[in-house]
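J.: Structure file coords-v2.cif (mmCIF, C-alpha atoms (C1' of nucleotides)) right here:
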```cif
data_entry
#
loop_
_atom_site.label_atom_id
_atom_site.label_comp_id
_atom_site.auth_asym_id
_atom_site.auth_seq_id
_atom_site.Cartn_x
_atom_site.Cartn_y
_atom_site.Cartn_z
CA MET B 512 72.20 134.91 125.40
CA ARG B 513 70.94 131.48 126.36
CA VAL B 514 73.45 128.68 126.69
CA GLU B 515 71.98 126.84 123.69
CA ASP B 516 72.37 129.94 121.57
CA ASN B 517 75.97 130.28 122.67
CA ILE B 518 76.57 126.68 121.66
CA LYS B 519 74.98 127.23 118.27
CA LYS B 520 77.04 130.36 117.77
CA ILE B 521 80.27 128.35 117.96
CA ALA B 522 79.28 126.06 115.06
CA ALA B 523 77.89 129.00 113.09
CA ASP B 524 81.05 131.08 113.55
CA LEU B 525 83.24 128.15 112.63
CA LEU B 526 81.29 127.17 109.51
CA ALA B 527 81.27 130.79 108.33
CA TYR B 528 85.04 130.80 108.73
CA TYR B 529 85.29 127.50 106.86
CA ASP B 530 83.17 128.73 103.97
CA VAL B 531 85.74 131.44 103.32
CA HIS B 532 89.04 129.97 104.51
CA ALA B 533 88.82 126.19 104.02
CA ARG B 534 92.19 124.82 102.94
CA LYS B 535 92.24 123.39 99.44
CA LEU B 536 93.39 119.80 99.95
CA PRO B 537 93.58 117.03 97.33
CA TRP B 538 91.10 114.77 99.14
CA ARG B 539 88.50 117.52 99.54
CA ALA B 540 85.91 117.74 96.79
CA PRO B 541 86.03 121.23 95.22
CA PRO B 542 82.98 123.41 95.92
CA GLY B 543 80.01 122.36 93.80
CA ALA B 544 81.58 119.02 92.90
CA ASN B 545 79.86 115.70 93.39
CA ALA B 546 79.76 114.17 96.84
CA ALA B 547 83.05 113.11 98.33
CA ASP B 548 84.45 109.73 97.27
CA PRO B 549 84.51 107.49 100.38
CA TYR B 550 87.60 105.69 99.07
CA ARG B 551 89.60 108.90 98.83
CA ILE B 552 88.30 110.17 102.17
CA TRP B 553 89.18 106.88 103.88
CA LEU B 554 92.63 106.71 102.25
CA SER B 555 93.44 110.29 103.24
CA GLU B 556 92.24 109.76 106.81
CA VAL B 557 94.43 106.69 107.26
CA MET B 558 97.45 108.46 105.78
CA LEU B 559 96.84 111.50 107.98
CA GLN B 560 96.87 109.50 111.22
CA GLN B 561 99.70 111.10 113.21
CA THR B 562 101.08 112.48 109.96
CA THR B 563 101.26 116.02 108.57
CA VAL B 564 99.33 117.21 105.53
CA ALA B 565 102.63 118.08 103.85
CA ALA B 566 103.99 114.56 104.28
CA VAL B 567 100.79 112.92 103.03
CA GLY B 568 100.43 114.99 99.82
CA PRO B 569 102.80 113.06 97.51
CA TYR B 570 101.72 109.68 98.89
CA PHE B 571 98.04 110.44 98.36
CA ALA B 572 98.76 111.49 94.76
CA LYS B 573 100.81 108.36 94.12
CA PHE B 574 98.26 105.98 95.65
CA THR B 575 95.17 107.45 93.95
CA LYS B 576 96.89 107.50 90.57
CA ARG B 577 98.11 103.92 90.86
CA TRP B 578 95.02 102.55 92.62
CA PRO B 579 92.05 104.77 91.69
CA ASP B 580 89.47 102.76 93.62
CA VAL B 581 89.20 100.28 96.46
CA ALA B 582 88.93 97.30 94.09
CA ALA B 583 92.26 98.15 92.46
CA LEU B 584 93.95 98.49 95.84
CA ALA B 585 92.40 95.27 97.12
CA ALA B 586 93.74 93.36 94.11
CA GLU B 587 97.34 94.56 94.57
CA GLU B 588 100.12 92.44 96.03
CA ASP B 589 101.21 93.13 99.62
CA ALA B 590 104.83 93.92 98.74
CA GLU B 591 103.81 96.57 96.20
CA VAL B 592 101.63 98.44 98.69
CA MET B 593 104.18 98.17 101.50
CA ALA B 594 106.91 99.52 99.20
CA ALA B 595 104.66 102.39 98.09
CA TRP B 596 104.07 103.27 101.75
CA ALA B 597 107.82 103.24 102.57
CA GLY B 598 108.93 106.48 104.20
CA LEU B 599 105.48 107.46 105.50
CA GLY B 600 105.91 105.56 108.78
CA TYR B 601 103.59 103.61 111.07
CA TYR B 602 103.65 100.63 108.73
CA ALA B 603 100.83 98.80 110.52
CA ARG B 604 98.65 101.33 108.73
CA ALA B 605 99.72 99.94 105.35
CA ARG B 606 99.02 96.35 106.39
CA ASN B 607 95.62 97.38 107.77
CA LEU B 608 94.94 99.48 104.68
CA LEU B 609 95.20 96.39 102.49
CA ALA B 610 93.20 94.26 104.90
CA CYS B 611 90.51 96.94 104.96
CA ALA B 612 90.43 97.34 101.17
CA ARG B 613 90.03 93.57 100.79
CA ALA B 614 87.31 93.45 103.45
CA VAL B 615 85.40 96.18 101.61
CA ALA B 616 85.94 94.50 98.25
CA ASP B 617 85.02 91.00 99.44
CA ALA B 618 82.66 91.27 102.41
CA HIS B 619 80.96 94.54 101.48
CA GLY B 620 80.62 94.15 97.73
CA GLY B 621 83.09 96.93 96.97
CA THR B 622 81.20 99.61 98.90
CA PHE B 623 82.28 101.19 102.17
CA PRO B 624 79.86 100.87 105.10
CA ASP B 625 78.07 104.21 105.53
CA THR B 626 77.66 104.13 109.31
CA GLU B 627 80.13 104.83 112.07
CA GLU B 628 79.53 101.39 113.53
CA GLY B 629 80.09 99.63 110.22
CA LEU B 630 83.25 101.60 109.50
CA ARG B 631 84.59 101.05 113.02
CA ALA B 632 84.64 97.29 112.41
CA LEU B 633 87.14 97.61 109.55
CA PRO B 634 90.88 97.01 110.10
CA GLY B 635 92.82 100.17 110.92
CA VAL B 636 89.63 102.19 111.42
CA GLY B 637 89.32 103.44 114.98
CA ALA B 638 86.94 105.85 116.69
CA TYR B 639 88.37 108.92 115.01
CA THR B 640 88.54 107.58 111.45
CA ALA B 641 85.09 105.99 111.62
CA ALA B 642 83.56 109.27 112.76
CA ALA B 643 85.50 111.32 110.21
CA VAL B 644 84.54 109.11 107.24
CA ALA B 645 80.90 108.86 108.37
CA ALA B 646 80.68 112.64 108.63
CA ILE B 647 82.80 113.73 105.67
CA ALA B 648 82.00 111.03 103.12
CA PHE B 649 78.44 110.15 104.13
CA GLY B 650 77.07 113.34 105.68
CA ARG B 651 76.30 111.65 108.98
CA ARG B 652 76.31 113.53 112.24
CA ALA B 653 79.33 112.13 114.06
CA VAL B 654 81.52 113.45 116.86
CA VAL B 655 84.98 113.73 115.35
CA VAL B 656 87.79 114.11 117.87
CA ASP B 657 91.43 114.21 116.85
CA ALA B 658 94.37 116.04 118.42
CA ASN B 659 93.30 119.32 116.78
CA VAL B 660 89.77 119.06 118.14
CA GLU B 661 91.12 118.13 121.57
CA ARG B 662 93.23 121.25 121.60
CA VAL B 663 90.55 123.59 120.26
CA VAL B 664 87.87 122.27 122.61
CA ALA B 665 90.16 122.23 125.64
CA ARG B 666 90.84 125.91 124.97
CA LEU B 667 87.26 126.88 124.11
CA PHE B 668 86.11 125.63 127.51
CA ALA B 669 89.42 126.06 129.38
CA ILE B 670 89.34 122.43 130.43
CA ALA B 671 91.87 122.10 133.22
CA THR B 672 91.91 118.31 133.50
CA PRO B 673 95.17 116.94 132.07
CA LEU B 674 95.21 114.58 129.11
CA PRO B 675 94.51 111.72 128.74
CA ALA B 676 92.07 111.86 131.68
CA ALA B 677 90.28 114.78 130.00
CA ARG B 678 89.29 112.73 126.93
CA PRO B 679 85.70 111.89 128.03
CA GLU B 680 85.09 115.49 129.04
CA ILE B 681 86.47 116.78 125.73
CA ARG B 682 84.46 114.30 123.70
CA SER B 683 81.32 115.28 125.54
CA ALA B 684 81.95 118.98 124.94
CA THR B 685 82.64 118.28 121.25
CA ASP B 686 79.34 116.41 121.04
CA VAL B 687 77.56 119.45 122.43
CA ILE B 688 78.98 121.87 119.86
CA THR B 689 78.74 119.54 116.84
CA PRO B 690 75.84 120.65 114.61
CA ASP B 691 73.23 118.26 113.22
CA LEU B 692 73.86 119.57 109.72
CA ARG B 693 77.29 119.84 108.09
CA ALA B 694 79.01 117.77 110.78
CA GLY B 695 81.68 116.84 108.22
CA ASP B 696 82.43 120.46 107.38
CA PHE B 697 82.41 121.27 111.08
CA ALA B 698 85.00 118.59 111.77
CA GLN B 699 87.22 119.73 108.94
CA ALA B 700 86.81 123.33 110.04
CA MET B 701 87.94 122.40 113.56
CA MET B 702 90.99 120.68 112.10
CA ASP B 703 91.79 123.61 109.80
CA LEU B 704 91.49 125.93 112.77
CA GLY B 705 93.75 123.73 114.88
CA ALA B 706 96.31 123.44 112.11
CA THR B 707 96.52 127.10 111.17
CA ILE B 708 95.27 129.33 114.02
CA CYS B 709 94.67 127.38 117.23
CA THR B 710 98.09 125.77 116.93
CA ALA B 711 99.93 123.92 119.68
CA ARG B 712 102.54 126.65 119.97
CA ASN B 713 101.98 130.39 119.46
CA PRO B 714 98.28 130.28 118.59
CA ALA B 715 97.07 133.26 116.56
CA CYS B 716 94.27 134.23 118.93
CA GLY B 717 94.12 137.71 117.42
CA ILE B 718 92.64 136.41 114.16
CA CYS B 719 90.67 133.48 115.56
CA PRO B 720 87.02 133.29 114.43
CA LEU B 721 86.13 131.75 117.81
CA ARG B 722 87.91 134.34 119.90
CA ASP B 723 84.65 135.66 121.33
CA ASP B 724 83.58 132.12 122.24
CA CYS B 725 86.86 131.08 123.87
CA ALA B 726 87.44 130.74 127.60
CA ALA B 727 91.20 130.16 127.34
CA VAL B 728 91.87 133.46 125.58
CA LEU B 729 90.80 135.15 128.83
CA THR B 730 93.52 133.35 130.77
CA ALA B 731 97.18 134.29 131.11
CA ASP B 732 98.35 131.54 128.79
CA PRO B 733 95.81 130.15 126.28
CA ALA B 734 98.50 127.94 124.73
CA ALA B 735 98.81 126.04 128.02
CA PHE B 736 95.63 124.11 127.13
CA PRO B 737 95.27 121.20 126.88
CA ILE B 738 97.29 120.35 129.98
CA LYS B 739 99.56 117.37 129.35
CA ALA B 740 101.65 115.13 131.56
CA ALA B 741 105.39 115.27 131.01
CA LYS B 742 106.79 112.68 128.64
CA LYS B 743 109.21 109.98 129.62
CA ALA B 744 112.76 110.10 128.30
CA LYS B 745 113.50 107.82 125.36
CA PRO B 746 115.93 104.99 125.93
CA HIS B 747 118.89 104.66 123.59
CA ARG B 748 119.46 101.37 121.79
CA LEU B 749 122.20 99.83 119.67
CA GLY B 750 121.99 97.54 116.66
CA HIS B 751 123.91 96.07 113.73
CA GLY B 752 122.93 95.92 110.07
CA TRP B 753 124.62 93.94 107.30
CA TRP B 754 125.03 94.90 103.67
CA ILE B 755 125.83 91.74 101.71
CA GLU B 756 126.76 92.41 98.10
CA ARG B 757 127.27 89.97 95.26
CA PRO B 758 129.69 90.46 92.29
CA ASP B 759 126.74 91.04 89.93
CA GLY B 760 125.71 94.12 91.91
CA HIS B 761 122.88 92.64 93.99
CA VAL B 762 122.36 93.10 97.73
CA TRP B 763 120.61 90.72 100.13
CA LEU B 764 117.34 92.07 101.51
CA VAL B 765 114.97 90.43 103.98
CA ARG B 766 111.33 91.06 104.84
CA ARG B 767 110.73 91.94 108.47
CA PRO B 768 108.09 90.03 110.43
CA ASP B 769 104.61 91.60 110.43
CA LYS B 770 104.71 92.22 114.16
CA GLY B 771 107.04 94.78 115.66
CA MET B 772 109.12 97.66 114.38
CA LEU B 773 108.96 98.28 110.62
CA GLY B 774 106.79 95.17 110.38
CA GLY B 775 106.31 93.75 106.90
CA MET B 776 108.90 96.02 105.35
CA ARG B 777 111.95 95.13 103.25
CA ALA B 778 115.16 95.68 105.19
CA LEU B 779 118.83 94.83 105.53
CA PRO B 780 119.49 91.82 107.76
CA SER B 781 119.98 93.21 111.24
CA SER B 782 120.50 92.27 114.86
CA GLU B 783 118.10 92.84 117.73
CA TRP B 784 118.08 96.42 118.96
CA ASN B 785 118.92 96.72 122.65
CA ASP B 786 121.66 97.68 125.12
CA ALA B 787 124.11 95.02 123.93
CA PRO B 788 123.07 93.50 120.60
CA ASP B 789 124.73 90.38 119.22
CA GLY B 790 127.09 91.64 116.51
CA THR B 791 127.70 88.22 114.97
CA PRO B 792 127.25 88.59 111.19
CA PRO B 793 124.81 86.29 109.36
CA LEU B 794 127.68 84.70 107.40
CA VAL B 795 131.44 84.47 107.36
CA ALA B 796 133.04 87.05 105.08
CA ARG B 797 135.60 89.84 105.09
CA TRP B 798 133.48 92.45 106.87
CA ARG B 799 134.19 96.16 106.85
CA ARG B 800 132.48 98.34 109.42
CA VAL B 801 131.11 101.67 108.24
CA ALA B 802 132.85 104.27 110.39
CA GLU B 803 129.81 106.26 111.53
CA PRO B 804 126.73 104.44 112.88
CA VAL B 805 123.38 105.54 111.48
CA ALA B 806 121.56 107.53 114.17
CA HIS B 807 117.78 107.34 113.95
CA VAL B 808 114.99 108.41 116.30
CA PHE B 809 111.77 106.43 116.62
CA THR B 810 108.71 107.25 118.67
CA HIS B 811 109.81 105.56 121.86
CA PHE B 812 113.56 105.02 121.52
CA SER B 813 116.57 106.24 119.58
CA LEU B 814 118.87 103.87 117.73
CA ALA B 815 122.49 103.82 116.62
CA LEU B 816 122.77 101.22 113.86
CA THR B 817 126.29 100.07 113.10
CA VAL B 818 126.45 99.11 109.43
CA HIS B 819 128.79 96.41 108.13
CA HIS B 820 129.35 95.46 104.54
CA ALA B 821 130.95 92.60 102.70
CA HIS B 822 131.36 91.26 99.17
CA VAL B 823 130.53 87.58 98.79
CA GLY B 824 130.84 85.04 96.00
CA GLN B 825 128.18 84.80 93.31
CA ASP B 826 127.13 81.37 94.58
CA VAL B 827 126.65 82.38 98.22
CA THR B 828 123.16 82.37 99.76
CA PRO B 829 122.80 83.99 103.20
CA PRO B 830 120.75 82.10 105.78
CA GLY B 831 117.01 82.66 106.11
CA ASP B 832 114.42 84.08 103.74
CA GLY B 833 115.41 86.98 101.56
CA GLU B 834 116.02 88.13 98.03
CA TRP B 835 118.88 89.51 95.95
CA TRP B 836 117.99 93.04 94.95
CA PRO B 837 119.84 95.07 92.27
CA VAL B 838 121.86 97.78 94.03
CA ALA B 839 121.19 100.19 91.17
CA GLU B 840 117.45 99.80 91.91
CA ILE B 841 117.71 100.11 95.69
CA GLY B 842 115.46 103.17 95.60
CA ARG B 843 112.61 100.95 94.37
CA ALA B 844 112.94 98.41 97.18
CA GLY B 845 110.72 100.42 99.50
CA LEU B 846 113.12 100.50 102.43
CA PRO B 847 111.86 102.36 105.50
CA THR B 848 113.93 105.44 106.26
CA LEU B 849 116.28 103.80 108.77
CA PHE B 850 117.37 101.17 106.24
CA ALA B 851 117.42 103.60 103.33
CA ARG B 852 119.96 105.60 105.31
CA ALA B 853 121.89 102.46 106.27
CA ALA B 854 121.99 101.46 102.59
CA GLU B 855 123.25 104.90 101.66
CA ALA B 856 126.03 104.64 104.26
CA ALA B 857 126.99 101.14 103.08
CA MET B 858 127.13 102.16 99.43
CA LYS B 859 129.32 105.12 100.28
CA GLU B 860 131.67 102.85 102.18
CA GLY B 861 131.61 100.43 99.26
CA LYS B 862 132.93 103.04 96.91
CA LYS B 863 135.74 103.77 99.35
CA ASP B 864 136.45 100.05 99.45
CA ALA B 865 136.60 99.82 95.65
CA ARG B 866 139.29 102.48 95.52
CA LEU B 867 141.65 100.49 97.77
"C1'" DG Y 140 95.23 103.35 131.24
"C1'" DA Y 141 99.70 102.36 129.30
"C1'" DT Y 142 102.59 101.06 125.62
"C1'" DA Y 143 104.17 100.10 120.80
"C1'" DC Y 144 104.36 102.05 116.61
"C1'" DG Y 145 107.85 106.35 112.02
"C1'" DT Y 146 109.11 110.29 110.15
"C1'" DG Y 147 110.24 115.01 109.14
"C1'" DG Y 148 109.44 119.78 110.42
"C1'" DT Y 149 109.87 123.52 113.81
"C1'" DA Y 150 111.61 126.43 117.64
"C1'" DT F 23 120.76 120.03 119.66
"C1'" DT F 24 117.02 118.54 122.25
"C1'" DA F 25 112.19 118.37 122.52
"C1'" DC F 26 107.82 118.67 120.90
"C1'" DC F 27 104.50 117.93 117.53
"C1'" DA F 28 101.24 115.87 113.51
"C1'" DA F 29 93.65 114.21 110.78
"C1'" DG F 30 95.36 107.45 115.86
"C1'" DT F 31 94.97 102.33 116.22
"C1'" DA F 32 95.80 97.91 118.28
"C1'" DT F 33 96.72 95.33 122.19
#
```
Show me this structure written as structure tokens.
T.:
Amino acid sequence: MRVEDNIKKIAADLLAYYDVHARKLPWRAPPGANAADPYRIWLSEVMLQQTTVAAVGPYFAKFTKRWPDVAALAAEEDAEVMAAWAGLGYYARARNLLACARAVADAHGGTFPDTEEGLRALPGVGAYTAAAVAAIAFGRRAVVVDANVERVVARLFAIATPLPAARPEIRSATDVITPDLRAGDFAQAMMDLGATICTARNPACGICPLRDDCAAVLTADPAAFPIKAAKKAKPHRLGHGWWIERPDGHVWLVRRPDKGMLGGMRALPSSEWNDAPDGTPPLVARWRRVAEPVAHVFTHFSLALTVHHAHVGQDVTPPGDGEWWPVAEIGRAGLPTLFARAAEAAMKEGKKDARL
DNA sequence: GATACGTGGTA
DNA sequence: TTACCAAGTAT
């Protein structure tokens, strides 16, 4: 068989697999339905950045019900969208999501750009997302490369160069096997394959539709591809958080700065997070320290947050910007997971305190 | 190219 | 329990 035929066989095999085994996902138009809605495709792609399908499901349902189109999302207040995103992580995505929705609503007349280049210029839309939306929502031929595609392609061609140096080589190989027609289905098929068969650990090579096309399956350890450099150890950091409660059952919450960890999110007042954080509370009160610090692991460091709580007078106002939030409604504040857990620990301690 | 940026699931 | 991993982007 000629090389070009071999190349075409990969796309043909994969699309045949996809026609039968495509996962049913909420953002995928059912077979025979109208063309995909760019808003829903874009929203799903942003949510899925570094995030599992399982985690995205409930958020996608919540967002599309509450904001059915880009105009509705663009018109929403920042705090509402940030709170709705709470728990999903990578909060810069939520800030960029709003900025993007408003750019589409204002600068593009409510319609998403239909080219990779146009999409790429939007906030929070990088090379991957621009290619994915162009291909899936607009039927363009685009070379879509995410972590799944990197893995599948590195194995298909047994690419021995370690990541990230292998990226240009992998992109080039993906370009070669991407078909002119159905590039969107091809991309989704590659991702389905990577998520269910060509998995990072214990790939199911025995049932893989590309087994006959794969170079890695002929090696001793197909799962060894792509080759990756070892990761650095995470540093451990310490921090303090303060739960300030008023007699009428309200707690003091702040909004974190847009830049940095948990940027733009509601939070408890807290210290810097480092080797020796300043544990001076934001105000003078009778502080009680919660016995067990909240242990939390972020992408590049782990944190032990010591939580303190105090009851203050009804007329007290802590320093800085913030708001009194009803403790009974704390679940609606949209606290990122670290602070949701800190709040939980503080409230538990508070009950203990009340019994004394 | 390297680093910052969340969270929950899996082995 | 530690370590890795998941539909990346911005700087």
J.: Please check the contacts: residues of chain B at most 8 Å away from chain F, using all atoms listed in the file, listed as a ChimeraX atom specification.
T.: /B:556,559-563,635-637,639,657-659,702,711
J.: Find the residues of chain Y in contact range of chain B, meaning any atom within 6 Å when counting all atoms listed in the file, and list them as an mmCIF file with C-alpha atoms (C1' of nucleotides), in the frame of the given file.
T.:
```cif
data_model
loop_
_atom_site.group_PDB
_atom_site.id
_atom_site.type_symbol
_atom_site.label_atom_id
_atom_site.label_comp_id
_atom_site.auth_asym_id
_atom_site.auth_seq_id
_atom_site.Cartn_x
_atom_site.Cartn_y
_atom_site.Cartn_z
ATOM 1 C "C1'" DC Y 144 104.360 102.050 116.610
ATOM 2 C "C1'" DG Y 145 107.850 106.350 112.020
ATOM 3 C "C1'" DT Y 146 109.110 110.290 110.150
#
```
J.: Please write the residues picked by the PyMOL selection byres ((chain B and resi 747) around 10) on this file as a ChimeraX atom specification.
T.: /B:744-746,748-749,784-786,808,811-815
J.: One decimal, Å: what's the distance from atom CA of B:Trp578 over to atom CA of B:Pro624, could you say?
T.: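 Atom CA of B:Trp578 sits 19.7 Å away from atom CA of B:Pro624.
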J.: May I have the residues at most 8 Å from (79.5, 116.9, 112.1) in the file's coordinates, counting only C-alpha atoms (C1' of nucleotides), as an mmCIF file with C-alpha atoms, in the frame of the given file?
T.:
```
data_model
loop_
_atom_site.group_PDB
_atom_site.id
_atom_site.type_symbol
_atom_site.label_atom_id
_atom_site.label_comp_id
_atom_site.auth_asym_id
_atom_site.auth_seq_id
_atom_site.Cartn_x
_atom_site.Cartn_y
_atom_site.Cartn_z
ATOM 1 C CA ALA B 646 80.680 112.640 108.630
ATOM 2 C CA ILE B 647 82.800 113.730 105.670
ATOM 3 C CA GLY B 650 77.070 113.340 105.680
ATOM 4 C CA ARG B 651 76.300 111.650 108.980
ATOM 5 C CA ARG B 652 76.310 113.530 112.240
ATOM 6 C CA ALA B 653 79.330 112.130 114.060
ATOM 7 C CA VAL B 654 81.520 113.450 116.860
ATOM 8 C CA VAL B 655 84.980 113.730 115.350
ATOM 9 C CA THR B 689 78.740 119.540 116.840
ATOM 10 C CA PRO B 690 75.840 120.650 114.610
ATOM 11 C CA ASP B 691 73.230 118.260 113.220
ATOM 12 C CA LEU B 692 73.860 119.570 109.720
ATOM 13 C CA ARG B 693 77.290 119.840 108.090
ATOM 14 C CA ALA B 694 79.010 117.770 110.780
ATOM 15 C CA GLY B 695 81.680 116.840 108.220
ATOM 16 C CA ASP B 696 82.430 120.460 107.380
ATOM 17 C CA PHE B 697 82.410 121.270 111.080
ATOM 18 C CA ALA B 698 85.000 118.590 111.770
#
```
J.: Work out how far atom CA of B:Ile738 is from atom CA of B:Leu674, in Å to one decimal.
T.: 6.2 Å
J.: For B:Ala726, work out the shell of residues within 12 Å, counting all atoms listed in the file and skipping chain neighbours fewer than 5 positions away, then give it as an mmCIF file with C-alpha atoms, in the frame of the given file.
T.:
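Result file is part.cif:
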```
data_model
loop_
_atom_site.group_PDB
_atom_site.id
_atom_site.type_symbol
_atom_site.label_atom_id
_atom_site.label_comp_id
_atom_site.auth_asym_id
_atom_site.auth_seq_id
_atom_site.Cartn_x
_atom_site.Cartn_y
_atom_site.Cartn_z
ATOM 1 C CA VAL B 663 90.550 123.590 120.260
ATOM 2 C CA VAL B 664 87.870 122.270 122.610
ATOM 3 C CA ALA B 665 90.160 122.230 125.640
ATOM 4 C CA ARG B 666 90.840 125.910 124.970
ATOM 5 C CA LEU B 667 87.260 126.880 124.110
ATOM 6 C CA PHE B 668 86.110 125.630 127.510
ATOM 7 C CA ALA B 669 89.420 126.060 129.380
ATOM 8 C CA ILE B 670 89.340 122.430 130.430
ATOM 9 C CA ALA B 671 91.870 122.100 133.220
ATOM 10 C CA CYS B 716 94.270 134.230 118.930
ATOM 11 C CA LEU B 721 86.130 131.750 117.810
ATOM 12 C CA ALA B 731 97.180 134.290 131.110
ATOM 13 C CA ASP B 732 98.350 131.540 128.790
ATOM 14 C CA PRO B 733 95.810 130.150 126.280
ATOM 15 C CA ALA B 734 98.500 127.940 124.730
ATOM 16 C CA PHE B 736 95.630 124.110 127.130
#
```
J.: Rounded to one decimal, what separation in Å do you get between atom CA of B:Pro673 and atom CA of B:Lys520?
T.: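 Atom CA of B:Pro673 sits 26.7 Å away from atom CA of B:Lys520.
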